[in-house]
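Data from upload37.pdb: PDB, C-alpha atoms
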ATOM      1  CA  MET J   1       4.427  11.266  -8.014  1.00  0.00           C
ATOM      2  CA  LYS J   2       6.852  13.676  -6.375  1.00  0.00           C
ATOM      3  CA  GLY J   3       6.171  12.071  -2.987  1.00  0.00           C
ATOM      4  CA  SER J   4       6.861   8.579  -4.349  1.00  0.00           C
ATOM      5  CA  LEU J   5      10.146   9.686  -5.898  1.00  0.00           C
ATOM      6  CA  ILE J   6      11.194  11.337  -2.634  1.00  0.00           C
ATOM      7  CA  ILE J   7      10.484   8.113  -0.707  1.00  0.00           C
ATOM      8  CA  LEU J   8      12.341   6.048  -3.306  1.00  0.00           C
ATOM      9  CA  THR J   9      15.303   8.456  -3.087  1.00  0.00           C
ATOM     10  CA  PHE J  10      15.424   8.141   0.722  1.00  0.00           C
ATOM     11  CA  PHE J  11      15.290   4.356   0.421  1.00  0.00           C
ATOM     12  CA  ILE J  12      18.184   4.285  -2.080  1.00  0.00           C
ATOM     13  CA  CYS J  13      20.230   6.726   0.010  1.00  0.00           C
ATOM     14  CA  GLY J  14      19.615   4.645   3.149  1.00  0.00           C
ATOM     15  CA  THR J  15      20.669   1.468   1.349  1.00  0.00           C
ATOM     16  CA  LEU J  16      23.859   3.076   0.058  1.00  0.00           C
ATOM     17  CA  LEU J  17      24.641   4.606   3.447  1.00  0.00           C
ATOM     18  CA  GLY J  18      24.079   1.277   5.214  1.00  0.00           C
ATOM     19  CA  ALA J  19      26.339  -0.514   2.732  1.00  0.00           C
ATOM     20  CA  SER J  20      29.056   2.111   3.181  1.00  0.00           C
ATOM     21  CA  GLY J  21      29.613   1.196   6.832  1.00  0.00           C
ATOM     22  CA  PHE J  22      29.547   4.807   8.034  1.00  0.00           C
ATOM     23  CA  VAL J  23      26.235   4.461   9.899  1.00  0.00           C
ATOM     24  CA  PRO J  24      26.308   4.097  13.719  1.00  0.00           C
ATOM     25  CA  GLU J  25      25.388   0.564  14.818  1.00  0.00           C
ATOM     26  CA  PHE J  26      22.444   1.691  16.970  1.00  0.00           C
ATOM     27  CA  LEU J  27      20.561   2.713  13.807  1.00  0.00           C
ATOM     28  CA  ALA J  28      20.565  -0.934  12.699  1.00  0.00           C
ATOM     29  CA  ASP J  29      18.974  -2.059  15.972  1.00  0.00           C
ATOM     30  CA  GLU J  30      15.693  -3.847  15.246  1.00  0.00           C
ATOM     31  CA  ARG J  31      14.063  -2.233  18.260  1.00  0.00           C
ATOM     32  CA  LEU J  32      14.376   1.167  16.599  1.00  0.00           C
ATOM     33  CA  SER J  33      12.351   0.085  13.555  1.00  0.00           C
ATOM     34  CA  THR J  34       9.849  -1.654  15.869  1.00  0.00           C
ATOM     35  CA  TYR J  35       9.235   1.594  17.754  1.00  0.00           C
ATOM     36  CA  ALA J  36       8.944   3.405  14.430  1.00  0.00           C
ATOM     37  CA  LEU J  37       6.323   0.843  13.371  1.00  0.00           C
ATOM     38  CA  TYR J  38       4.317   1.358  16.577  1.00  0.00           C
ATOM     39  CA  PHE J  39       4.410   5.119  16.085  1.00  0.00           C
ATOM     40  CA  LEU J  40       3.359   4.768  12.432  1.00  0.00           C
ATOM     41  CA  LEU J  41       0.384   2.566  13.408  1.00  0.00           C
ATOM     42  CA  PHE J  42      -0.579   5.161  16.023  1.00  0.00           C
ATOM     43  CA  ILE J  43      -0.479   7.979  13.445  1.00  0.00           C
ATOM     44  CA  VAL J  44      -2.464   5.908  10.930  1.00  0.00           C
ATOM     45  CA  GLY J  45      -5.108   5.267  13.581  1.00  0.00           C
ATOM     46  CA  ILE J  46      -5.360   8.978  14.379  1.00  0.00           C
ATOM     47  CA  GLY J  47      -5.684   9.854  10.686  1.00  0.00           C
ATOM     48  CA  ILE J  48      -8.449   7.332  10.114  1.00  0.00           C
ATOM     49  CA  GLY J  49     -10.211   8.413  13.298  1.00  0.00           C
ATOM     50  CA  PHE J  50     -10.219  12.049  12.212  1.00  0.00           C
ATOM     51  CA  ASP J  51     -11.479  11.264   8.702  1.00  0.00           C
ATOM     52  CA  THR J  52     -15.271  10.907   8.723  1.00  0.00           C
ATOM     53  CA  ARG J  53     -15.595  10.462   4.947  1.00  0.00           C
ATOM     54  CA  CYS J  54     -16.134   6.696   5.198  1.00  0.00           C
ATOM     55  CA  LEU J  55     -19.545   7.060   6.801  1.00  0.00           C
ATOM     56  CA  ALA J  56     -20.515   9.845   4.420  1.00  0.00           C
ATOM     57  CA  ILE J  57     -19.570   7.693   1.424  1.00  0.00           C
ATOM     58  CA  LEU J  58     -21.573   4.732   2.697  1.00  0.00           C
ATOM     59  CA  ARG J  59     -24.617   6.939   3.204  1.00  0.00           C
ATOM     60  CA  GLU J  60     -24.388   8.434  -0.277  1.00  0.00           C
ATOM     61  CA  MET J  61     -23.572   5.348  -2.315  1.00  0.00           C
ATOM     62  CA  HIS J  62     -25.003   1.905  -2.889  1.00  0.00           C
ATOM     63  CA  ILE J  63     -23.782  -0.999  -0.777  1.00  0.00           C
ATOM     64  CA  LYS J  64     -22.035  -2.364  -3.894  1.00  0.00           C
ATOM     65  CA  VAL J  65     -19.233   0.102  -3.215  1.00  0.00           C
ATOM     66  CA  LEU J  66     -18.066  -2.412  -0.587  1.00  0.00           C
ATOM     67  CA  LEU J  67     -17.280  -4.854  -3.370  1.00  0.00           C
ATOM     68  CA  VAL J  68     -14.570  -2.597  -4.856  1.00  0.00           C
ATOM     69  CA  PRO J  69     -11.871  -3.091  -2.160  1.00  0.00           C
ATOM     70  CA  ILE J  70     -12.841  -6.757  -1.794  1.00  0.00           C
ATOM     71  CA  PHE J  71     -12.237  -7.374  -5.488  1.00  0.00           C
ATOM     72  CA  VAL J  72      -9.007  -5.344  -5.320  1.00  0.00           C
ATOM     73  CA  MET J  73      -7.864  -7.774  -2.613  1.00  0.00           C
ATOM     74  CA  LEU J  74      -8.936 -10.819  -4.617  1.00  0.00           C
ATOM     75  CA  GLY J  75      -7.225  -9.516  -7.762  1.00  0.00           C
ATOM     76  CA  THR J  76      -4.010  -8.706  -5.898  1.00  0.00           C
ATOM     77  CA  PHE J  77      -3.832 -12.083  -4.206  1.00  0.00           C
ATOM     78  CA  GLY J  78      -4.792 -13.849  -7.431  1.00  0.00           C
ATOM     79  CA  GLY J  79      -1.956 -12.118  -9.262  1.00  0.00           C
ATOM     80  CA  ALA J  80       0.465 -12.908  -6.425  1.00  0.00           C
ATOM     81  CA  LEU J  81      -0.497 -16.592  -6.507  1.00  0.00           C
ATOM     82  CA  ALA J  82      -0.145 -16.711 -10.295  1.00  0.00           C
ATOM     83  CA  ILE J  83       3.358 -15.257 -10.281  1.00  0.00           C
ATOM     84  CA  SER J  84       4.717 -16.944  -7.135  1.00  0.00           C
ATOM     85  CA  PRO J  85       5.913 -20.146  -8.950  1.00  0.00           C
ATOM     86  CA  PHE J  86       8.208 -17.974 -11.085  1.00  0.00           C
ATOM     87  CA  ILE J  87       9.862 -16.179  -8.154  1.00  0.00           C
ATOM     88  CA  GLU J  88      12.863 -18.103  -6.918  1.00  0.00           C
ATOM     89  CA  GLY J  89      14.031 -17.899  -3.337  1.00  0.00           C
ATOM     90  CA  HIS J  90      10.690 -16.803  -1.886  1.00  0.00           C
ATOM     91  CA  SER J  91       7.712 -18.850  -0.808  1.00  0.00           C
ATOM     92  CA  THR J  92       4.089 -18.279  -1.772  1.00  0.00           C
ATOM     93  CA  ARG J  93       3.604 -16.837   1.703  1.00  0.00           C
ATOM     94  CA  ASP J  94       6.298 -14.231   1.042  1.00  0.00           C
ATOM     95  CA  VAL J  95       4.744 -13.209  -2.278  1.00  0.00           C
ATOM     96  CA  LEU J  96       1.265 -12.937  -0.728  1.00  0.00           C
ATOM     97  CA  ALA J  97       2.647 -10.828   2.139  1.00  0.00           C
ATOM     98  CA  VAL J  98       4.226  -8.395  -0.320  1.00  0.00           C
ATOM     99  CA  GLY J  99       0.940  -8.206  -2.224  1.00  0.00           C
ATOM    100  CA  ALA J 100      -0.971  -7.583   1.019  1.00  0.00           C
ATOM    101  CA  GLY J 101       0.697  -4.177   1.234  1.00  0.00           C
ATOM    102  CA  PHE J 102      -1.754  -2.948  -1.451  1.00  0.00           C
ATOM    103  CA  GLY J 103       0.553  -0.017  -2.201  1.00  0.00           C
ATOM    104  CA  TYR J 104       0.946   0.973   1.465  1.00  0.00           C
ATOM    105  CA  TYR J 105       4.735   0.803   1.307  1.00  0.00           C
ATOM    106  CA  SER J 106       5.650   2.591   4.524  1.00  0.00           C
ATOM    107  CA  LEU J 107       3.688   0.318   6.848  1.00  0.00           C
ATOM    108  CA  SER J 108       3.822  -3.027   5.052  1.00  0.00           C
ATOM    109  CA  SER J 109       7.563  -2.920   4.362  1.00  0.00           C
ATOM    110  CA  ILE J 110       8.383  -2.278   8.027  1.00  0.00           C
ATOM    111  CA  MET J 111       6.014  -5.012   9.198  1.00  0.00           C
ATOM    112  CA  ILE J 112       7.416  -7.535   6.739  1.00  0.00           C
ATOM    113  CA  SER J 113      10.986  -6.620   7.693  1.00  0.00           C
ATOM    114  CA  GLN J 114      10.154  -7.166  11.368  1.00  0.00           C
ATOM    115  CA  MET J 115       8.249 -10.420  10.875  1.00  0.00           C
ATOM    116  CA  GLY J 116      10.271 -11.858   7.988  1.00  0.00           C
ATOM    117  CA  ASP J 117      13.539 -10.422   6.798  1.00  0.00           C
ATOM    118  CA  SER J 118      14.896  -7.095   5.623  1.00  0.00           C
ATOM    119  CA  VAL J 119      15.318  -8.290   2.013  1.00  0.00           C
ATOM    120  CA  LEU J 120      11.630  -9.178   1.772  1.00  0.00           C
ATOM    121  CA  GLY J 121      10.766  -5.842   3.388  1.00  0.00           C
ATOM    122  CA  SER J 122      12.813  -4.040   0.729  1.00  0.00           C
ATOM    123  CA  ILE J 123      11.033  -6.011  -1.992  1.00  0.00           C
ATOM    124  CA  ALA J 124       7.696  -4.991  -0.454  1.00  0.00           C
ATOM    125  CA  LEU J 125       8.750  -1.344  -0.428  1.00  0.00           C
ATOM    126  CA  LEU J 126       9.799  -1.351  -4.081  1.00  0.00           C
ATOM    127  CA  SER J 127       6.789  -3.392  -5.184  1.00  0.00           C
ATOM    128  CA  ASN J 128       4.325  -1.038  -3.544  1.00  0.00           C
ATOM    129  CA  ILE J 129       6.095   2.102  -4.784  1.00  0.00           C
ATOM    130  CA  ILE J 130       5.960   0.682  -8.321  1.00  0.00           C
ATOM    131  CA  ARG J 131       2.226   0.042  -7.869  1.00  0.00           C
ATOM    132  CA  GLU J 132       1.704   3.684  -6.963  1.00  0.00           C
ATOM    133  CA  LEU J 133       3.884   4.969  -9.802  1.00  0.00           C
ATOM    134  CA  ILE J 134       2.016   2.833 -12.358  1.00  0.00           C
ATOM    135  CA  THR J 135      -1.255   4.364 -11.186  1.00  0.00           C
ATOM    136  CA  LEU J 136       0.116   7.900 -11.362  1.00  0.00           C
ATOM    137  CA  LEU J 137       1.674   7.477 -14.784  1.00  0.00           C
ATOM    138  CA  ALA J 138      -0.782   5.150 -16.517  1.00  0.00           C
ATOM    139  CA  ALA J 139      -4.211   6.202 -15.157  1.00  0.00           C
ATOM    140  CA  PRO J 140      -5.510   7.454 -18.555  1.00  0.00           C
ATOM    141  CA  VAL J 141      -4.374   4.258 -20.292  1.00  0.00           C
ATOM    142  CA  LEU J 142      -5.895   2.070 -17.565  1.00  0.00           C
ATOM    143  CA  ILE J 143      -9.226   3.889 -17.870  1.00  0.00           C
ATOM    144  CA  LYS J 144      -9.214   3.648 -21.658  1.00  0.00           C
ATOM    145  CA  TYR J 145      -8.684  -0.121 -21.772  1.00  0.00           C
ATOM    146  CA  PHE J 146     -10.089  -1.371 -18.444  1.00  0.00           C
ATOM    147  CA  GLY J 147     -12.676   1.157 -17.273  1.00  0.00           C
ATOM    148  CA  LYS J 148     -12.872   3.904 -14.690  1.00  0.00           C
ATOM    149  CA  LEU J 149     -12.409   1.583 -11.716  1.00  0.00           C
ATOM    150  CA  ALA J 150      -9.025   0.422 -13.042  1.00  0.00           C
ATOM    151  CA  PRO J 151      -6.894   3.177 -11.444  1.00  0.00           C
ATOM    152  CA  VAL J 152      -8.827   2.727  -8.191  1.00  0.00           C
ATOM    153  CA  ALA J 153      -7.827  -0.946  -8.227  1.00  0.00           C
ATOM    154  CA  SER J 154      -4.232  -0.340  -9.269  1.00  0.00           C
ATOM    155  CA  GLY J 155      -3.808   2.416  -6.674  1.00  0.00           C
ATOM    156  CA  GLY J 156      -4.865   0.098  -3.851  1.00  0.00           C
ATOM    157  CA  ALA J 157      -4.441   1.783  -0.471  1.00  0.00           C
ATOM    158  CA  THR J 158      -2.972   4.899  -2.105  1.00  0.00           C
ATOM    159  CA  ALA J 159      -6.303   5.601  -3.849  1.00  0.00           C
ATOM    160  CA  MET J 160      -7.366   7.521  -0.731  1.00  0.00           C
ATOM    161  CA  ASP J 161      -4.429   9.946  -0.803  1.00  0.00           C
ATOM    162  CA  THR J 162      -1.460  10.132  -3.179  1.00  0.00           C
ATOM    163  CA  THR J 163      -3.158   8.729  -6.304  1.00  0.00           C
ATOM    164  CA  LEU J 164      -6.579  10.274  -5.556  1.00  0.00           C
ATOM    165  CA  PRO J 165      -5.991  13.506  -7.541  1.00  0.00           C
ATOM    166  CA  ILE J 166      -5.077  11.606 -10.714  1.00  0.00           C
ATOM    167  CA  ILE J 167      -8.034   9.221 -10.268  1.00  0.00           C
ATOM    168  CA  THR J 168     -10.459  12.116  -9.801  1.00  0.00           C
ATOM    169  CA  ARG J 169      -9.012  14.007 -12.746  1.00  0.00           C
ATOM    170  CA  TYR J 170      -9.363  11.182 -15.276  1.00  0.00           C
ATOM    171  CA  ALA J 171     -12.227   9.087 -13.852  1.00  0.00           C
ATOM    172  CA  GLY J 172     -14.394  11.812 -12.333  1.00  0.00           C
ATOM    173  CA  GLU J 173     -15.536  12.928  -8.886  1.00  0.00           C
ATOM    174  CA  ARG J 174     -17.854   9.938  -8.326  1.00  0.00           C
ATOM    175  CA  TYR J 175     -14.982   7.510  -8.790  1.00  0.00           C
ATOM    176  CA  GLY J 176     -12.877   9.698  -6.536  1.00  0.00           C
ATOM    177  CA  ILE J 177     -15.373   9.027  -3.738  1.00  0.00           C
ATOM    178  CA  ILE J 178     -15.180   5.292  -4.422  1.00  0.00           C
ATOM    179  CA  ALA J 179     -11.377   5.579  -4.418  1.00  0.00           C
ATOM    180  CA  VAL J 180     -11.384   7.200  -0.971  1.00  0.00           C
ATOM    181  CA  PHE J 181     -13.537   4.451   0.509  1.00  0.00           C
ATOM    182  CA  SER J 182     -11.588   1.645  -1.183  1.00  0.00           C
ATOM    183  CA  GLY J 183      -8.267   3.152  -0.111  1.00  0.00           C
ATOM    184  CA  MET J 184      -9.431   3.489   3.494  1.00  0.00           C
ATOM    185  CA  PHE J 185     -10.736  -0.072   3.587  1.00  0.00           C
ATOM    186  CA  LEU J 186      -7.456  -1.428   2.212  1.00  0.00           C
ATOM    187  CA  THR J 187      -5.339   0.787   4.474  1.00  0.00           C
ATOM    188  CA  VAL J 188      -7.095  -0.553   7.568  1.00  0.00           C
ATOM    189  CA  SER J 189      -6.764  -4.145   6.328  1.00  0.00           C
ATOM    190  CA  VAL J 190      -3.001  -4.003   5.637  1.00  0.00           C
ATOM    191  CA  PRO J 191      -1.690  -4.539   9.207  1.00  0.00           C
ATOM    192  CA  PHE J 192      -4.133  -7.401   9.826  1.00  0.00           C
ATOM    193  CA  LEU J 193      -3.531  -9.198   6.538  1.00  0.00           C
ATOM    194  CA  VAL J 194       0.248  -8.797   6.569  1.00  0.00           C
ATOM    195  CA  SER J 195       0.406 -10.057  10.169  1.00  0.00           C
ATOM    196  CA  ALA J 196      -1.855 -13.005   9.400  1.00  0.00           C
ATOM    197  CA  ILE J 197       0.070 -14.030   6.281  1.00  0.00           C
ATOM    198  CA  MET J 198       3.515 -13.613   7.851  1.00  0.00           C
ATOM    199  CA  SER J 199       2.501 -15.718  10.867  1.00  0.00           C
ATOM    200  CA  TRP J 200       1.766 -18.787   8.673  1.00  0.00           C
TER     201      TRP J 200
END

Structure translated into structure tokens:
Amino acid sequence: MKGSLIILTFFICGTLLGASGFVPEFLADERLSTYALYFLLFIVGIGIGFDTRCLAILREMHIKVLLVPIFVMLGTFGGALAISPFIEGHSTRDVLAVGAGFGYYSLSSIMISQMGDSVLGSIALLSNIIRELITLLAAPVLIKYFGKLAPVASGGATAMDTTLPIITRYAGERYGIIAVFSGMFLTVSVPFLVSAIMSW
């Protein structure tokens, strides 16, 4: 939770600083955020390449574990489609693109800003941070009313890192393993899904 609050604080400070007019113009250059995106994708690729837990999880668990991230995707997109008629000023495509972040705020928000607009990117950032915070704060309640897979689903891509400790603590080690696999699957899918949706 501390990490999420730090990121949210940086976002708010950046917004206030940008609105103040005291920031040098070169920092607003789109090429700078594009290079930052390329570097972030490179780092994500290295992290996934170093982590061999995916294969270990698949060897240890039944093939049904593959259904967890798939149903997280279906649930996220289903919720986005259901709420899109009530969101004024943004198309269904925009709402689906925000949902396709699956909690991966750093990558999805930059991609959406580059391919759409900065306002939609900011919405994606806040939406995905809120998703992570809900998982961190409400994991026991989610488990009580919806089962032990609920925080894995609500955590989305963050289930492999920032929300993993809380999932393991309240759902157990076995569900922590499922969370790691689901989070990795969703993390890898984010750049492809966001790109595909934003190119409609």

(request) Would you please work out which residue, of J:Gly183, J:Pro191, J:Gly75, J:Gly116, is nearest to Ser91 (chain J) when using all atoms listed in the file? (result)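 Using all atoms listed in the file, Ser91 (chain J) sits closest to J:Gly116.
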
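Shortest atom-to-atom contact with Thr15 (chain J) among J:Ser199, J:Ser113, J:Ser122, J:Thr163: J:Ser122, counting all atoms listed in the file.
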
(request) Point out the residue among J:Cys13, J:Leu136, J:Leu107, J:Leu96 with the least atom-to-atom distance to Phe77 (chain J), counting only C-alpha atoms. (result) J:Leu96

(message) Could you check the closest approach to Lys144 (chain J) for each of J:Ala171, J:Leu74, J:Ile110, J:Met160 and tell me which residue wins, using all atoms listed in the file?
(response)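 Answer, going by the shortest atom-to-atom distance: J:Ala171.
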
Translate the PyMOL selection byres ((chain J and resi 99) around 8) into a concrete residue list for this structure, as a PDB file with C-alpha atoms, in the frame of the given file.
ATOM      1  CA  THR J  76      -4.010  -8.706  -5.898  1.00  0.00           C
ATOM      2  CA  PHE J  77      -3.832 -12.083  -4.206  1.00  0.00           C
ATOM      3  CA  ALA J  80       0.465 -12.908  -6.425  1.00  0.00           C
ATOM      4  CA  VAL J  95       4.744 -13.209  -2.278  1.00  0.00           C
ATOM      5  CA  LEU J  96       1.265 -12.937  -0.728  1.00  0.00           C
ATOM      6  CA  ALA J  97       2.647 -10.828   2.139  1.00  0.00           C
ATOM      7  CA  VAL J  98       4.226  -8.395  -0.320  1.00  0.00           C
ATOM      8  CA  ALA J 100      -0.971  -7.583   1.019  1.00  0.00           C
ATOM      9  CA  GLY J 101       0.697  -4.177   1.234  1.00  0.00           C
ATOM     10  CA  PHE J 102      -1.754  -2.948  -1.451  1.00  0.00           C
ATOM     11  CA  ALA J 124       7.696  -4.991  -0.454  1.00  0.00           C
TER      12      ALA J 124
END

(message) If I take CA of Thr168 (chain J) and CA of Thr9 (chain J), how far is one from the other in Å, to one decimal?
(response)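 If I compute the distance from CA of Thr168 (chain J) to CA of Thr9 (chain J), I get 26.9 Å.
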
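Once the PyMOL selection byres ((chain J and resi 155) around 8) is applied to this file, the selection holds J:Phe102, J:Gly103, J:Arg131, J:Glu132, J:Thr135, J:Pro151, J:Val152, J:Ala153, J:Ser154, J:Gly156, J:Ala157, J:Thr158, J:Ala159, J:Thr163, J:Gly183.
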
Give me a file of those residues, with C-alpha atoms, as a short mmCIF file (atom, residue, chain, number, x, y, z; two decimals), keeping the file's coordinate frame.
data_model
loop_
_atom_site.label_atom_id
_atom_site.label_comp_id
_atom_site.auth_asym_id
_atom_site.auth_seq_id
_atom_site.Cartn_x
_atom_site.Cartn_y
_atom_site.Cartn_z
CA PHE J 102 -1.75 -2.95 -1.45
CA GLY J 103 0.55 -0.02 -2.20
CA ARG J 131 2.23 0.04 -7.87
CA GLU J 132 1.70 3.68 -6.96
CA THR J 135 -1.25 4.36 -11.19
CA PRO J 151 -6.89 3.18 -11.44
CA VAL J 152 -8.83 2.73 -8.19
CA ALA J 153 -7.83 -0.95 -8.23
CA SER J 154 -4.23 -0.34 -9.27
CA GLY J 156 -4.86 0.10 -3.85
CA ALA J 157 -4.44 1.78 -0.47
CA THR J 158 -2.97 4.90 -2.10
CA ALA J 159 -6.30 5.60 -3.85
CA THR J 163 -3.16 8.73 -6.30
CA GLY J 183 -8.27 3.15 -0.11
#

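Proximity to Gly121 (chain J) was assessed for J:Leu193, J:Met198, J:Leu133, J:Ile70 counting all atoms listed in the file; the smallest distance is recorded for J:Met198.
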
Extending 5 Å beyond the listed atoms of region 8-20 of chain J on each side, what axis-aligned box results? I want centre and edge lengths in Å to one decimal, as AutoDock Vina command-line options.
--center_x 20.7 --center_y 4.0 --center_z 1.0 --size_x 26.7 --size_y 19.0 --size_z 18.5

Selection under test: the PyMOL selection byres ((chain J and resi 172-178) around 12); residues as a tab-separated table (two decimals) with C-alpha atoms, in the coordinates of the input:
chain	number	residue	atom	x	y	z
J	53	ARG	CA	-15.60	10.46	4.95
J	54	CYS	CA	-16.13	6.70	5.20
J	55	LEU	CA	-19.55	7.06	6.80
J	56	ALA	CA	-20.52	9.85	4.42
J	57	ILE	CA	-19.57	7.69	1.42
J	58	LEU	CA	-21.57	4.73	2.70
J	59	ARG	CA	-24.62	6.94	3.20
J	60	GLU	CA	-24.39	8.43	-0.28
J	61	MET	CA	-23.57	5.35	-2.32
J	62	HIS	CA	-25.00	1.90	-2.89
J	63	ILE	CA	-23.78	-1.00	-0.78
J	64	LYS	CA	-22.04	-2.36	-3.89
J	65	VAL	CA	-19.23	0.10	-3.22
J	66	LEU	CA	-18.07	-2.41	-0.59
J	67	LEU	CA	-17.28	-4.85	-3.37
J	68	VAL	CA	-14.57	-2.60	-4.86
J	69	PRO	CA	-11.87	-3.09	-2.16
J	139	ALA	CA	-4.21	6.20	-15.16
J	140	PRO	CA	-5.51	7.45	-18.56
J	143	ILE	CA	-9.23	3.89	-17.87
J	147	GLY	CA	-12.68	1.16	-17.27
J	148	LYS	CA	-12.87	3.90	-14.69
J	149	LEU	CA	-12.41	1.58	-11.72
J	150	ALA	CA	-9.02	0.42	-13.04
J	151	PRO	CA	-6.89	3.18	-11.44
J	152	VAL	CA	-8.83	2.73	-8.19
J	153	ALA	CA	-7.83	-0.95	-8.23
J	155	GLY	CA	-3.81	2.42	-6.67
J	156	GLY	CA	-4.86	0.10	-3.85
J	157	ALA	CA	-4.44	1.78	-0.47
J	158	THR	CA	-2.97	4.90	-2.10
J	159	ALA	CA	-6.30	5.60	-3.85
J	160	MET	CA	-7.37	7.52	-0.73
J	161	ASP	CA	-4.43	9.95	-0.80
J	162	THR	CA	-1.46	10.13	-3.18
J	163	THR	CA	-3.16	8.73	-6.30
J	164	LEU	CA	-6.58	10.27	-5.56
J	165	PRO	CA	-5.99	13.51	-7.54
J	166	ILE	CA	-5.08	11.61	-10.71
J	167	ILE	CA	-8.03	9.22	-10.27
J	168	THR	CA	-10.46	12.12	-9.80
J	169	ARG	CA	-9.01	14.01	-12.75
J	170	TYR	CA	-9.36	11.18	-15.28
J	171	ALA	CA	-12.23	9.09	-13.85
J	179	ALA	CA	-11.38	5.58	-4.42
J	180	VAL	CA	-11.38	7.20	-0.97
J	181	PHE	CA	-13.54	4.45	0.51
J	182	SER	CA	-11.59	1.64	-1.18
J	183	GLY	CA	-8.27	3.15	-0.11
J	184	MET	CA	-9.43	3.49	3.49
J	185	PHE	CA	-10.74	-0.07	3.59

(request) Measuring atom to atom with only C-alpha atoms, identify which of J:Leu17, J:Met111, J:Ala138, J:Ile43 is nearest to Leu125 (chain J). (result)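 Looking at the shortest contact to Leu125 (chain J), the residue is J:Met111.
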
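Note that the spacing between CA of Tyr105 (chain J) and CA of Leu186 (chain J) amounts to 12.4 Å.
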